[in-house]
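Trainee: Pasting coords_6.txt here (compact mmCIF, C-alpha atoms and all ligand atoms):
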```txt
# COMPACT_ATOMS: atom_id res chain seq x y z
CA MET A 1396 -56.79 8.76 -3.83
CA ALA A 1397 -59.91 8.22 -6.00
CA THR A 1398 -58.83 8.73 -9.61
CA SER A 1399 -61.95 7.57 -11.47
CA ASN A 1400 -63.20 11.11 -12.18
CA ILE A 1401 -59.82 12.54 -13.04
CA ASP A 1402 -59.09 13.56 -16.62
CA ILE A 1403 -55.47 12.42 -16.78
CA GLU A 1404 -54.80 14.27 -20.04
CA LYS A 1405 -55.95 17.50 -18.43
CA ALA A 1406 -53.74 16.78 -15.42
CA LYS A 1407 -50.75 16.22 -17.73
CA LYS A 1408 -51.45 19.51 -19.53
CA THR A 1409 -51.62 21.28 -16.17
CA ALA A 1410 -48.28 19.75 -15.20
CA GLU A 1411 -46.81 20.95 -18.50
CA GLN A 1412 -48.17 24.44 -17.92
CA ILE A 1413 -46.88 24.61 -14.35
CA PHE A 1414 -43.45 23.33 -15.37
CA GLY A 1415 -43.46 25.88 -18.19
CA PHE A 1416 -43.78 28.64 -15.58
CA LEU A 1417 -40.31 27.66 -14.40
CA GLY A 1418 -39.11 28.60 -17.89
CA GLY A 1419 -40.23 32.20 -17.29
CA ALA A 1420 -38.54 32.21 -13.89
CA MET A 1421 -35.30 30.84 -15.40
CA ALA A 1422 -35.39 33.29 -18.32
CA SER A 1423 -35.90 36.13 -15.79
CA ALA A 1424 -32.93 34.90 -13.75
CA MET A 1425 -30.73 34.75 -16.86
CA ILE A 1426 -31.87 38.23 -17.99
CA TYR A 1427 -30.87 39.46 -14.54
CA LEU A 1428 -27.39 37.99 -15.07
CA GLY A 1429 -27.12 39.33 -18.62
CA ASP A 1430 -27.99 42.84 -17.43
CA ARG A 1431 -25.83 42.67 -14.33
CA MET A 1432 -22.71 41.50 -16.18
CA GLY A 1433 -23.20 43.81 -19.18
CA ILE A 1434 -23.42 40.88 -21.62
CA TYR A 1435 -26.26 42.42 -23.66
CA GLN A 1436 -24.22 45.61 -24.07
CA LYS A 1437 -21.30 43.62 -25.45
CA MET A 1438 -23.60 41.75 -27.85
CA ASN A 1439 -25.33 44.95 -29.01
CA GLY A 1440 -24.31 45.60 -32.62
CA ALA A 1441 -21.72 42.78 -32.57
CA GLY A 1442 -23.61 40.55 -35.04
CA GLY A 1443 -23.35 36.77 -34.58
CA VAL A 1444 -20.75 35.90 -31.92
CA THR A 1445 -19.43 32.58 -30.63
CA SER A 1446 -19.26 31.82 -26.92
CA HIS A 1447 -15.46 32.15 -27.13
CA GLU A 1448 -15.69 35.62 -28.74
CA LEU A 1449 -18.30 36.72 -26.20
CA ALA A 1450 -16.27 35.34 -23.29
CA HIS A 1451 -13.28 37.33 -24.58
CA LYS A 1452 -15.35 40.53 -24.99
CA THR A 1453 -16.88 40.25 -21.51
CA GLY A 1454 -13.88 38.84 -19.66
CA LEU A 1455 -16.04 35.92 -18.50
CA ASN A 1456 -15.49 32.15 -18.48
CA GLU A 1457 -16.41 30.55 -21.84
CA ARG A 1458 -18.20 27.46 -20.47
CA TRP A 1459 -20.52 29.61 -18.34
CA VAL A 1460 -21.14 32.07 -21.16
CA ARG A 1461 -21.98 29.16 -23.51
CA GLU A 1462 -24.57 27.71 -21.12
CA TRP A 1463 -26.10 31.17 -20.62
CA LEU A 1464 -26.26 31.65 -24.42
CA HIS A 1465 -27.98 28.26 -24.78
CA GLN A 1466 -30.61 29.27 -22.24
CA GLN A 1467 -31.18 32.66 -23.85
CA ALA A 1468 -31.41 31.23 -27.37
CA SER A 1469 -33.75 28.43 -26.35
CA SER A 1470 -35.97 31.02 -24.62
CA GLY A 1471 -36.05 33.08 -27.82
CA VAL A 1472 -34.41 36.06 -26.10
CA ILE A 1473 -31.45 36.01 -28.49
CA ASP A 1474 -31.16 34.43 -31.96
CA TYR A 1475 -29.13 31.34 -32.81
CA LYS A 1476 -27.53 31.87 -36.21
CA GLY A 1477 -25.98 28.38 -36.64
CA ASP A 1478 -22.29 27.41 -36.47
CA GLY A 1479 -22.15 28.23 -32.77
CA ARG A 1480 -23.02 31.91 -33.38
CA PHE A 1481 -25.51 33.88 -31.30
CA GLU A 1482 -26.92 37.32 -32.06
CA LEU A 1483 -28.76 39.99 -30.10
CA SER A 1484 -31.06 41.42 -32.77
CA ALA A 1485 -31.45 45.19 -33.09
CA GLU A 1486 -35.04 44.80 -31.82
CA SER A 1487 -34.00 42.78 -28.75
CA ALA A 1488 -31.24 45.31 -28.08
CA LEU A 1489 -33.90 48.02 -27.65
CA VAL A 1490 -35.46 45.94 -24.87
CA LEU A 1491 -32.32 44.49 -23.26
CA ALA A 1492 -29.28 46.66 -24.01
CA ASP A 1493 -30.23 50.28 -24.65
CA GLU A 1494 -31.03 51.99 -21.35
CA ASN A 1495 -32.27 55.06 -23.25
CA SER A 1496 -34.77 53.19 -25.40
CA PRO A 1497 -38.45 53.63 -24.44
CA LEU A 1498 -38.77 49.82 -24.71
CA PHE A 1499 -35.87 49.06 -22.33
CA LEU A 1500 -37.00 46.48 -19.76
CA ALA A 1501 -33.88 44.65 -18.58
CA GLY A 1502 -33.29 47.24 -15.84
CA GLY A 1503 -36.37 46.12 -13.93
CA PHE A 1504 -34.85 42.64 -13.65
CA CYS A 1505 -32.15 43.95 -11.30
CA ALA A 1506 -34.76 43.60 -8.55
CA ILE A 1507 -35.33 39.88 -9.12
CA PRO A 1508 -33.03 38.43 -6.39
CA GLN A 1509 -34.28 40.79 -3.69
CA GLN A 1510 -37.90 40.42 -4.83
CA MET A 1511 -37.58 36.64 -4.68
CA GLY A 1512 -35.84 36.97 -1.31
CA LEU A 1513 -39.00 38.67 -0.03
CA LEU A 1514 -40.79 35.34 -0.45
CA ASN A 1515 -39.12 34.33 2.83
CA LEU A 1516 -40.95 37.15 4.62
CA LEU A 1517 -44.32 36.97 2.87
CA PRO A 1518 -45.74 33.88 4.61
CA GLU A 1519 -45.72 36.01 7.76
CA SER A 1520 -47.63 38.75 5.87
CA PHE A 1521 -50.20 36.22 4.73
CA LYS A 1522 -50.81 35.41 8.40
CA SER A 1523 -50.65 38.89 9.91
CA GLY A 1524 -52.08 40.87 6.98
CA HIS A 1525 -49.23 43.41 7.27
CA GLY A 1526 -47.08 44.17 4.23
CA LEU A 1527 -43.64 45.70 3.72
CA SER A 1528 -42.80 49.32 2.93
CA TYR A 1529 -40.45 50.13 0.05
CA ASP A 1530 -37.66 50.68 2.58
CA GLN A 1531 -38.27 47.23 4.04
CA MET A 1532 -38.12 45.72 0.54
CA GLY A 1533 -34.52 46.93 0.20
CA PRO A 1534 -32.27 48.78 -2.26
CA GLU A 1535 -32.44 46.41 -5.27
CA VAL A 1536 -36.25 46.52 -5.32
CA ASN A 1537 -36.15 50.33 -5.32
CA ARG A 1538 -33.44 50.31 -7.99
CA GLY A 1539 -35.59 47.92 -10.05
CA VAL A 1540 -38.57 50.31 -9.84
CA GLU A 1541 -36.30 53.19 -10.87
CA ARG A 1542 -34.80 51.36 -13.85
CA LEU A 1543 -38.13 49.88 -14.98
CA LEU A 1544 -39.92 53.23 -15.03
CA ALA A 1545 -37.06 55.58 -16.00
CA PRO A 1546 -37.12 54.91 -19.79
CA TRP A 1547 -40.62 56.41 -20.13
CA PHE A 1548 -39.62 59.47 -18.09
CA ARG A 1549 -36.44 59.94 -20.12
CA THR A 1550 -38.01 59.50 -23.54
CA GLN A 1551 -41.73 60.36 -23.33
CA LEU A 1552 -42.67 62.54 -20.37
CA VAL A 1553 -41.31 65.92 -21.52
CA PRO A 1554 -41.47 65.60 -25.34
CA SER A 1555 -44.73 63.64 -25.71
CA ALA A 1556 -46.90 63.64 -22.59
CA LEU A 1557 -46.66 67.13 -21.07
CA PRO A 1558 -47.50 68.94 -24.35
CA ARG A 1559 -50.78 67.02 -24.45
CA LEU A 1560 -51.96 68.46 -21.12
CA ASP A 1561 -54.06 71.61 -21.24
CA GLY A 1562 -51.80 74.68 -20.76
CA VAL A 1563 -49.21 72.92 -18.58
CA VAL A 1564 -46.12 73.44 -20.77
CA ALA A 1565 -46.77 77.21 -21.07
CA LYS A 1566 -46.92 77.46 -17.27
CA LEU A 1567 -43.76 75.38 -16.85
CA GLN A 1568 -41.90 77.53 -19.37
CA ALA A 1569 -42.97 80.75 -17.62
CA GLY A 1570 -42.11 79.44 -14.13
CA ALA A 1571 -44.41 77.23 -12.08
CA LYS A 1572 -44.41 75.33 -8.80
CA VAL A 1573 -44.53 71.57 -9.33
CA ALA A 1574 -44.86 68.66 -6.88
CA ASP A 1575 -44.24 65.00 -7.73
CA VAL A 1576 -45.78 62.94 -4.92
CA GLY A 1577 -44.40 59.41 -4.42
CA CYS A 1578 -41.41 60.51 -6.48
CA GLY A 1579 -39.27 57.41 -5.87
CA ALA A 1580 -35.75 57.96 -7.22
CA GLY A 1581 -36.77 61.31 -8.69
CA VAL A 1582 -36.21 60.52 -12.38
CA ALA A 1583 -39.40 62.34 -13.46
CA VAL A 1584 -38.49 65.39 -11.35
CA VAL A 1585 -34.97 65.48 -12.80
CA GLU A 1586 -36.24 65.24 -16.40
CA MET A 1587 -38.82 68.00 -15.89
CA ALA A 1588 -36.43 70.22 -13.92
CA LYS A 1589 -33.83 70.00 -16.72
CA ALA A 1590 -36.43 70.93 -19.35
CA PHE A 1591 -38.04 73.82 -17.43
CA PRO A 1592 -35.32 75.76 -15.57
CA LYS A 1593 -37.67 78.62 -14.57
CA SER A 1594 -39.93 76.26 -12.61
CA ASP A 1595 -39.41 74.86 -9.11
CA PHE A 1596 -39.81 71.13 -8.58
CA HIS A 1597 -40.50 69.32 -5.31
CA GLY A 1598 -40.41 65.55 -4.93
CA TYR A 1599 -42.22 63.96 -1.96
CA GLU A 1600 -41.32 60.45 -0.88
CA ILE A 1601 -41.76 58.44 2.32
CA ALA A 1602 -39.11 55.77 1.71
CA LYS A 1603 -35.55 56.76 2.66
CA ILE A 1604 -33.79 54.53 0.11
CA PRO A 1605 -35.23 56.17 -3.05
CA LEU A 1606 -35.06 59.60 -1.39
CA VAL A 1607 -31.27 59.31 -1.11
CA THR A 1608 -31.10 58.17 -4.76
CA ALA A 1609 -33.33 61.06 -5.87
CA ARG A 1610 -31.04 63.65 -4.26
CA ASP A 1611 -28.06 61.93 -5.81
CA ASN A 1612 -29.72 61.83 -9.26
CA ALA A 1613 -30.47 65.58 -9.04
CA LYS A 1614 -26.87 66.30 -8.03
CA LYS A 1615 -25.47 64.22 -10.89
CA ALA A 1616 -27.77 66.03 -13.34
CA GLY A 1617 -26.47 69.36 -11.99
CA ILE A 1618 -29.95 70.83 -11.50
CA LYS A 1619 -30.61 73.56 -8.96
CA ASN A 1620 -34.42 73.81 -9.25
CA ALA A 1621 -35.39 70.53 -7.56
CA LEU A 1622 -35.80 69.69 -3.88
CA PHE A 1623 -36.73 66.34 -2.39
CA HIS A 1624 -38.75 66.10 0.81
CA ASP A 1625 -39.25 63.26 3.26
CA ALA A 1626 -43.06 63.26 3.14
CA SER A 1627 -43.34 61.61 6.56
CA VAL A 1628 -41.82 64.67 8.28
CA GLU A 1629 -42.34 67.39 5.66
CA PRO A 1630 -45.61 66.66 3.82
CA LEU A 1631 -47.11 68.56 0.92
CA ALA A 1632 -48.27 71.98 2.22
CA GLY A 1633 -52.02 72.62 1.99
CA ASP A 1634 -51.55 76.19 0.75
CA ALA A 1635 -53.02 75.96 -2.80
CA SER A 1636 -49.63 76.93 -4.26
CA CYS A 1637 -48.91 74.18 -6.82
CA ASP A 1638 -49.54 74.78 -10.52
CA PHE A 1639 -48.86 71.19 -11.46
CA ILE A 1640 -48.84 67.97 -9.42
CA THR A 1641 -47.87 64.51 -10.63
CA THR A 1642 -48.24 61.03 -9.15
CA PHE A 1643 -46.54 58.33 -11.18
CA ASP A 1644 -47.32 54.67 -10.44
CA CYS A 1645 -47.69 55.21 -6.74
CA LEU A 1646 -51.32 55.75 -5.66
CA HIS A 1647 -52.00 52.00 -5.72
CA ASP A 1648 -48.88 51.46 -3.54
CA MET A 1649 -49.91 53.97 -0.87
CA THR A 1650 -51.48 52.87 2.38
CA ARG A 1651 -53.91 55.81 2.35
CA PRO A 1652 -54.19 57.17 -1.20
CA ASP A 1653 -57.50 58.74 -0.18
CA LEU A 1654 -55.74 61.00 2.35
CA VAL A 1655 -52.88 61.79 -0.05
CA MET A 1656 -55.46 62.79 -2.69
CA LYS A 1657 -57.14 65.13 -0.21
CA SER A 1658 -53.75 66.71 0.56
CA ILE A 1659 -53.14 67.12 -3.20
CA ARG A 1660 -56.52 68.87 -3.47
CA LYS A 1661 -55.42 71.32 -0.72
CA ALA A 1662 -52.00 71.87 -2.31
CA ILE A 1663 -53.13 72.60 -5.85
CA LYS A 1664 -54.07 76.03 -7.22
CA PRO A 1665 -57.72 76.43 -8.34
CA ASP A 1666 -56.52 76.40 -11.99
CA GLY A 1667 -53.84 73.73 -11.44
CA THR A 1668 -53.46 70.34 -13.07
CA TRP A 1669 -52.80 66.93 -11.55
CA LEU A 1670 -51.37 64.22 -13.81
CA ILE A 1671 -51.96 60.67 -12.57
CA ALA A 1672 -50.18 57.69 -14.11
CA ASP A 1673 -51.30 54.32 -12.84
CA VAL A 1674 -51.35 50.73 -13.99
CA HIS A 1675 -53.88 49.90 -16.71
CA GLY A 1676 -56.36 47.65 -15.00
CA GLN A 1677 -59.85 46.46 -15.75
CA PRO A 1678 -62.60 47.36 -13.28
CA THR A 1679 -63.10 43.82 -11.94
CA PHE A 1680 -61.10 40.64 -11.40
CA GLU A 1681 -63.36 38.90 -13.95
CA SER A 1682 -62.59 41.51 -16.64
CA ASN A 1683 -58.86 41.34 -15.85
CA LEU A 1684 -59.06 37.56 -16.19
CA LYS A 1685 -60.74 37.93 -19.59
CA ASP A 1686 -59.12 40.99 -21.14
CA ASN A 1687 -55.84 41.74 -19.39
CA PRO A 1688 -52.93 39.62 -20.66
CA LEU A 1689 -50.67 41.30 -18.08
CA ALA A 1690 -52.88 40.21 -15.17
CA PRO A 1691 -50.65 37.30 -14.02
CA VAL A 1692 -47.56 39.53 -13.91
CA MET A 1693 -49.44 42.36 -12.22
CA TYR A 1694 -51.10 40.24 -9.52
CA GLY A 1695 -47.67 38.73 -8.80
CA PHE A 1696 -46.07 42.16 -8.52
CA SER A 1697 -48.93 43.11 -6.25
CA VAL A 1698 -48.32 40.35 -3.71
CA ILE A 1699 -44.56 40.91 -3.74
CA CYS A 1700 -44.49 44.74 -3.85
CA CYS A 1701 -47.53 46.93 -4.47
CA MET A 1702 -50.27 45.47 -2.28
CA SER A 1703 -47.60 44.67 0.28
CA SER A 1704 -46.61 48.36 0.39
CA ALA A 1705 -50.28 49.40 0.45
CA LEU A 1706 -50.78 47.24 3.55
CA SER A 1707 -47.57 48.29 5.29
CA GLU A 1708 -49.50 50.39 7.83
CA PRO A 1709 -52.32 48.96 9.96
CA ASP A 1710 -54.98 51.17 8.30
CA GLY A 1711 -53.76 50.52 4.73
CA LEU A 1712 -56.42 50.31 2.02
CA GLY A 1713 -54.34 47.71 0.16
CA LEU A 1714 -55.37 48.68 -3.39
CA GLY A 1715 -52.49 46.82 -5.09
CA THR A 1716 -51.13 46.84 -8.64
CA LEU A 1717 -54.48 46.48 -10.44
CA GLY A 1718 -56.49 48.19 -7.71
CA PHE A 1719 -56.69 51.65 -9.26
CA PRO A 1720 -58.53 51.24 -12.60
CA GLU A 1721 -60.31 54.18 -14.18
CA PRO A 1722 -63.65 53.87 -12.31
CA VAL A 1723 -61.80 53.82 -8.97
CA ALA A 1724 -59.62 56.75 -10.07
CA ARG A 1725 -62.71 58.77 -11.07
CA LYS A 1726 -64.52 57.99 -7.81
CA MET A 1727 -61.56 58.65 -5.50
CA THR A 1728 -60.52 61.91 -7.20
CA ALA A 1729 -64.15 63.14 -7.03
CA GLU A 1730 -64.30 62.22 -3.33
CA ALA A 1731 -61.09 64.21 -2.81
CA GLY A 1732 -62.81 67.29 -4.29
CA PHE A 1733 -61.71 67.27 -7.95
CA THR A 1734 -64.39 68.00 -10.55
CA ARG A 1735 -62.64 67.43 -13.90
CA PHE A 1736 -61.24 64.10 -15.05
CA VAL A 1737 -59.92 63.38 -18.56
CA THR A 1738 -58.36 60.07 -19.63
CA LYS A 1739 -55.22 60.46 -21.76
CA ASP A 1740 -53.77 57.83 -24.06
CA PHE A 1741 -49.98 58.23 -24.01
CA ASP A 1742 -49.43 54.97 -25.90
CA ASN A 1743 -48.12 53.03 -22.92
CA PRO A 1744 -49.31 49.41 -22.62
CA ILE A 1745 -48.63 49.37 -18.90
CA ASN A 1746 -50.01 52.68 -17.68
CA ALA A 1747 -53.20 54.70 -17.95
CA TYR A 1748 -52.99 58.50 -17.58
CA TYR A 1749 -55.56 60.92 -16.14
CA GLU A 1750 -55.58 64.73 -16.28
CA VAL A 1751 -57.41 65.80 -13.14
CA ARG A 1752 -58.35 69.34 -12.15
CA PRO A 1753 -60.17 71.01 -9.21
C1 LIG B 1 -43.72 52.14 -7.52
S1 LIG B 1 -42.90 53.42 -6.71
C2 LIG B 1 -42.95 54.71 -7.96
C3 LIG B 1 -41.88 55.75 -7.75
C4 LIG B 1 -41.82 56.85 -8.80
N1 LIG B 1 -43.03 57.64 -8.86
C5 LIG B 1 -41.47 56.31 -10.17
O1 LIG B 1 -42.35 56.37 -11.05
O2 LIG B 1 -40.35 55.84 -10.35
C6 LIG B 1 -44.06 54.01 -5.52
C7 LIG B 1 -43.44 54.96 -4.52
O3 LIG B 1 -44.47 55.59 -3.75
C8 LIG B 1 -43.91 55.84 -2.46
N2 LIG B 1 -44.99 56.16 -1.50
C9 LIG B 1 -45.88 55.31 -0.96
N3 LIG B 1 -46.71 55.98 -0.12
C10 LIG B 1 -46.32 57.28 -0.15
C11 LIG B 1 -46.79 58.46 0.49
N4 LIG B 1 -47.82 58.45 1.34
N5 LIG B 1 -46.17 59.65 0.22
C12 LIG B 1 -45.10 59.68 -0.63
N6 LIG B 1 -44.61 58.57 -1.25
C13 LIG B 1 -45.21 57.40 -1.03
C14 LIG B 1 -43.17 54.55 -2.18
O4 LIG B 1 -42.25 54.68 -1.11
C15 LIG B 1 -42.52 54.28 -3.53
O5 LIG B 1 -41.24 54.85 -3.62
```
Produce C-alpha cells that represent the structure in this file.
Ligand SMILES: C[S@@+](CC[C@H](N)C(=O)[O-])C[C@H]1O[C@@H](n2cnc3c(N)ncnc32)[C@H](O)[C@@H]1O
Mentor:
Amino acid sequence: MATSNIDIEKAKKTAEQIFGFLGGAMASAMIYLGDRMGIYQKMNGAGGVTSHELAHKTGLNERWVREWLHQQASSGVIDYKGDGRFELSAESALVLADENSPLFLAGGFCAIPQQMGLLNLLPESFKSGHGLSYDQMGPEVNRGVERLLAPWFRTQLVPSALPRLDGVVAKLQAGAKVADVGCGAGVAVVEMAKAFPKSDFHGYEIAKIPLVTARDNAKKAGIKNALFHDASVEPLAGDASCDFITTFDCLHDMTRPDLVMKSIRKAIKPDGTWLIADVHGQPTFESNLKDNPLAPVMYGFSVICCMSSALSEPDGLGLGTLGFPEPVARKMTAEAGFTRFVTKDFDNPINAYYEVRP
C-alpha cells in the first residue's frame, strides 16, 4: 500500500470517529435494555441510587445493574452523583421514563433488536432492489413505530394541532367522517375518536401486524366510533364522503404514494381537509448534508425501514425517510388534484405538517 500521500493524523481522526459510532450503538442497546426491564421507571423520582439499591428495586442482579449504570453514566444518559450513586434527572425521565411525556423516546428503542436483525436480510435487498413491507419487518419494528410516534398523538394532536386547522374541530364536534390512511397501530385514530364521539373514524392500513394492534388499542380504549380496514382488500372509497383525512408519517413509506394521494382526492369532500405529517427534510441531499443534523439517523432509518417499505413492491417509488420534503409534497399533492397547500409549524423537530385542501 502506498502511504506517502496519506495524512495519518486525518486517518487517526477518522478511526476515532468510526469507533465513536459504536458508542451510539452501545448506548442504544443499553437504552433498549433499560426500557425493556423497566429500570428507568424505577429510577424515576428515586434520587441518587446505588447499584445495590437499584438491583433490589428492580429484582435484578447487582453486578449486571452496576455495569449497565456505568455505561449509562459514561454516555451521559444518567448522572453520576459520586459515592456510587446514580440519578435519572427529571429532564432525562421525560425522555426515558414517562410514556406520556411529549419528549418520550425510549419506546422507539424497543425495535432495535429486530431492526438490527434486518441487517441479515438487507444485503439481498441491495442486490435485488426489493425492500421489506412492515409485516415482513416483524412485530417489534411495528411496536417501535407505535411507541416512537404515540407521545405526539397522545399529547399534541387533539389539544394543539387540530385547533390550528381551519374549521376542522367544529366539524369534528358536530359529527364528521374521518379517515386516517396508513394508520399503523391506530393511536391517532383512538385519540381523535375519544375526543370527538359524534364523529366516525376509519383507519386504513395494509400491514396485518399493526392492524391487529389498532383494533386491540380501540377495544382497550372502549371506543365505539372507530373502525380499522385492511386497505389491501377494503381501500378508501372514492365517494367524496370524508370531511377530514390524515396521513401521519407514512407517505414516504408507501410504494405508490402518488396513487394513494389520488384516492384521497376522490375520497375527500370538496370542502374537506387533509392533514399530512411527514419527516422534516431538506429538498436535496446537499442541503440535508449541510442543514439537517438528523440526516444520519434518518438515512439509516430509511435503509432499514422506510425506503425498504417504499420498495417492497416491484413498482415502488422508494421515496424513503427524507424523500418527502415540502417541494415534493407540494408537487405531488397538486398532481393528485389538490389546489390549496399550507405549511403548519406544530413545534415538532422531526415532522413537518401540511394542511391540504381540494
Ligand atoms: C411509519 S408507519 C406510521 C404509522 C402511523 N401512521 C403512525 O403514525 O404511527 C407507516 C405505515 O404506513 C403503512 N402503509 C404503507 N403503505 C400503505 C398503503 N398503501 N395504505 C395503507 N397503509 C400503508 C405501513 O404498513 C405502516 O404501518
Trainee: Can you pull out every residue with an atom within 6 Å of ligand LIG 1 (chain B)? Use all atoms listed in the file and format it as a list in words.
Mentor: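 The distance check yields Tyr1529, Val1540, Glu1541, Leu1544, Val1576, Gly1577, Cys1578, Gly1579, Ala1580, Tyr1599, Glu1600, Ile1601, Ala1602, Ala1626, Phe1643, Asp1644, Cys1645, Asp1648 and Met1649 of chain A.
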Trainee: Find the spatial neighbours of range 1684-1692 of chain A, counting all atoms listed in the file, within a cut-off of 9 Å - ignore same-chain residues fewer than 6 positions away - and output them as a list in words.
Mentor: His1675, Gly1676, Gln1677, Leu1717 and Ile1745 of chain A
Trainee: Pick out the residues sitting within 9 Å of range 1559-1562 of chain A, and hand them over as a PyMOL selection string; count only C-alpha atoms, and ignore anything fewer than 4 positions along from it in its own chain.
Mentor: chain A and resi 1555+1566-1567+1668+1670+1739+1741+1750
Trainee: Quick one: everything within 12 Å of Ser1704 in chain A, counting only C-alpha atoms, minus sequence neighbours fewer than 6 positions away in the same chain. Send it as a VMD selection string.
Mentor: chain A and resid 1517 1520 1524 to 1532 1536 1601 to 1602 1645 to 1652 1696 to 1698 1710 to 1716
Trainee: Emit the selected residues as a short mmCIF file (atom, residue, chain, number, x, y, z; two decimals), in the coordinates of the input, including C-alpha atoms.
Mentor:
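The resulting file, selection.cif, is shown below:
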```cif
data_model
loop_
_atom_site.label_atom_id
_atom_site.label_comp_id
_atom_site.auth_asym_id
_atom_site.auth_seq_id
_atom_site.Cartn_x
_atom_site.Cartn_y
_atom_site.Cartn_z
CA LEU A 1517 -44.32 36.97 2.87
CA SER A 1520 -47.63 38.75 5.87
CA GLY A 1524 -52.08 40.87 6.98
CA HIS A 1525 -49.23 43.41 7.27
CA GLY A 1526 -47.08 44.17 4.23
CA LEU A 1527 -43.64 45.70 3.72
CA SER A 1528 -42.80 49.32 2.93
CA TYR A 1529 -40.45 50.13 0.05
CA ASP A 1530 -37.66 50.68 2.58
CA GLN A 1531 -38.27 47.23 4.04
CA MET A 1532 -38.12 45.72 0.54
CA VAL A 1536 -36.25 46.52 -5.32
CA ILE A 1601 -41.76 58.44 2.32
CA ALA A 1602 -39.11 55.77 1.71
CA CYS A 1645 -47.69 55.21 -6.74
CA LEU A 1646 -51.32 55.75 -5.66
CA HIS A 1647 -52.00 52.00 -5.72
CA ASP A 1648 -48.88 51.46 -3.54
CA MET A 1649 -49.91 53.97 -0.87
CA THR A 1650 -51.48 52.87 2.38
CA ARG A 1651 -53.91 55.81 2.35
CA PRO A 1652 -54.19 57.17 -1.20
CA PHE A 1696 -46.07 42.16 -8.52
CA SER A 1697 -48.93 43.11 -6.25
CA VAL A 1698 -48.32 40.35 -3.71
CA ASP A 1710 -54.98 51.17 8.30
CA GLY A 1711 -53.76 50.52 4.73
CA LEU A 1712 -56.42 50.31 2.02
CA GLY A 1713 -54.34 47.71 0.16
CA LEU A 1714 -55.37 48.68 -3.39
CA GLY A 1715 -52.49 46.82 -5.09
CA THR A 1716 -51.13 46.84 -8.64
#
```
Trainee: Would you please work out which residue, of A:Phe1481, A:Phe1591, A:Trp1463, A:Phe1416, is nearest to Gly1440 in chain A when using only C-alpha atoms?
Mentor: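 Counting only C-alpha atoms, the residue closest to Gly1440 in chain A is A:Phe1481.
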Trainee: Restricting the calculation to all atoms listed in the file: of A:Val1460, A:Gly1570, A:Tyr1475, A:Ser1523, which residue gets closest to Glu1708 in chain A?
Mentor: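 Residue with the minimum atom-to-atom distance to Glu1708 in chain A: A:Ser1523.
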Trainee: Output requested as a PDB file, in the coordinates of the input - range 1436-1440 of chain A, filled out with all heavy atoms.
Mentor:
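Okay, out38.pdb is ready:
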```
ATOM      1  N   GLN A1436     -24.936  44.454 -23.512  1.00  0.00           N
ATOM      2  CA  GLN A1436     -24.220  45.610 -24.070  1.00  0.00           C
ATOM      3  C   GLN A1436     -23.116  45.155 -25.024  1.00  0.00           C
ATOM      4  O   GLN A1436     -22.927  45.718 -26.085  1.00  0.00           O
ATOM      5  CB  GLN A1436     -23.615  46.483 -22.966  1.00  0.00           C
ATOM      6  CG  GLN A1436     -24.555  47.551 -22.398  1.00  0.00           C
ATOM      7  CD  GLN A1436     -25.595  46.944 -21.485  1.00  0.00           C
ATOM      8  OE1 GLN A1436     -25.393  45.868 -20.955  1.00  0.00           O
ATOM      9  NE2 GLN A1436     -26.724  47.628 -21.331  1.00  0.00           N
ATOM     10  N   LYS A1437     -22.412  44.112 -24.611  1.00  0.00           N
ATOM     11  CA  LYS A1437     -21.300  43.620 -25.450  1.00  0.00           C
ATOM     12  C   LYS A1437     -21.826  42.945 -26.713  1.00  0.00           C
ATOM     13  O   LYS A1437     -21.137  42.901 -27.730  1.00  0.00           O
ATOM     14  CB  LYS A1437     -20.434  42.622 -24.657  1.00  0.00           C
ATOM     15  CG  LYS A1437     -19.710  43.257 -23.488  1.00  0.00           C
ATOM     16  CD  LYS A1437     -18.576  44.156 -23.936  1.00  0.00           C
ATOM     17  CE  LYS A1437     -17.843  44.719 -22.728  1.00  0.00           C
ATOM     18  NZ  LYS A1437     -16.959  45.821 -23.024  1.00  0.00           N
ATOM     19  N   MET A1438     -23.032  42.407 -26.657  1.00  0.00           N
ATOM     20  CA  MET A1438     -23.600  41.750 -27.850  1.00  0.00           C
ATOM     21  C   MET A1438     -24.246  42.772 -28.792  1.00  0.00           C
ATOM     22  O   MET A1438     -24.444  42.488 -29.977  1.00  0.00           O
ATOM     23  CB  MET A1438     -24.667  40.722 -27.449  1.00  0.00           C
ATOM     24  CG  MET A1438     -24.120  39.509 -26.735  1.00  0.00           C
ATOM     25  SD  MET A1438     -25.411  38.274 -26.438  1.00  0.00           S
ATOM     26  CE  MET A1438     -25.456  37.436 -28.035  1.00  0.00           C
ATOM     27  N   ASN A1439     -24.600  43.940 -28.226  1.00  0.00           N
ATOM     28  CA  ASN A1439     -25.330  44.950 -29.010  1.00  0.00           C
ATOM     29  C   ASN A1439     -24.498  45.412 -30.210  1.00  0.00           C
ATOM     30  O   ASN A1439     -23.391  45.937 -30.045  1.00  0.00           O
ATOM     31  CB  ASN A1439     -25.668  46.134 -28.097  1.00  0.00           C
ATOM     32  CG  ASN A1439     -26.636  47.100 -28.748  1.00  0.00           C
ATOM     33  OD1 ASN A1439     -27.173  46.831 -29.835  1.00  0.00           O
ATOM     34  ND2 ASN A1439     -26.860  48.227 -28.086  1.00  0.00           N
ATOM     35  N   GLY A1440     -24.995  45.152 -31.410  1.00  0.00           N
ATOM     36  CA  GLY A1440     -24.310  45.600 -32.620  1.00  0.00           C
ATOM     37  C   GLY A1440     -23.138  44.721 -33.029  1.00  0.00           C
ATOM     38  O   GLY A1440     -22.453  45.024 -34.010  1.00  0.00           O
TER      39      GLY A1440
END
```
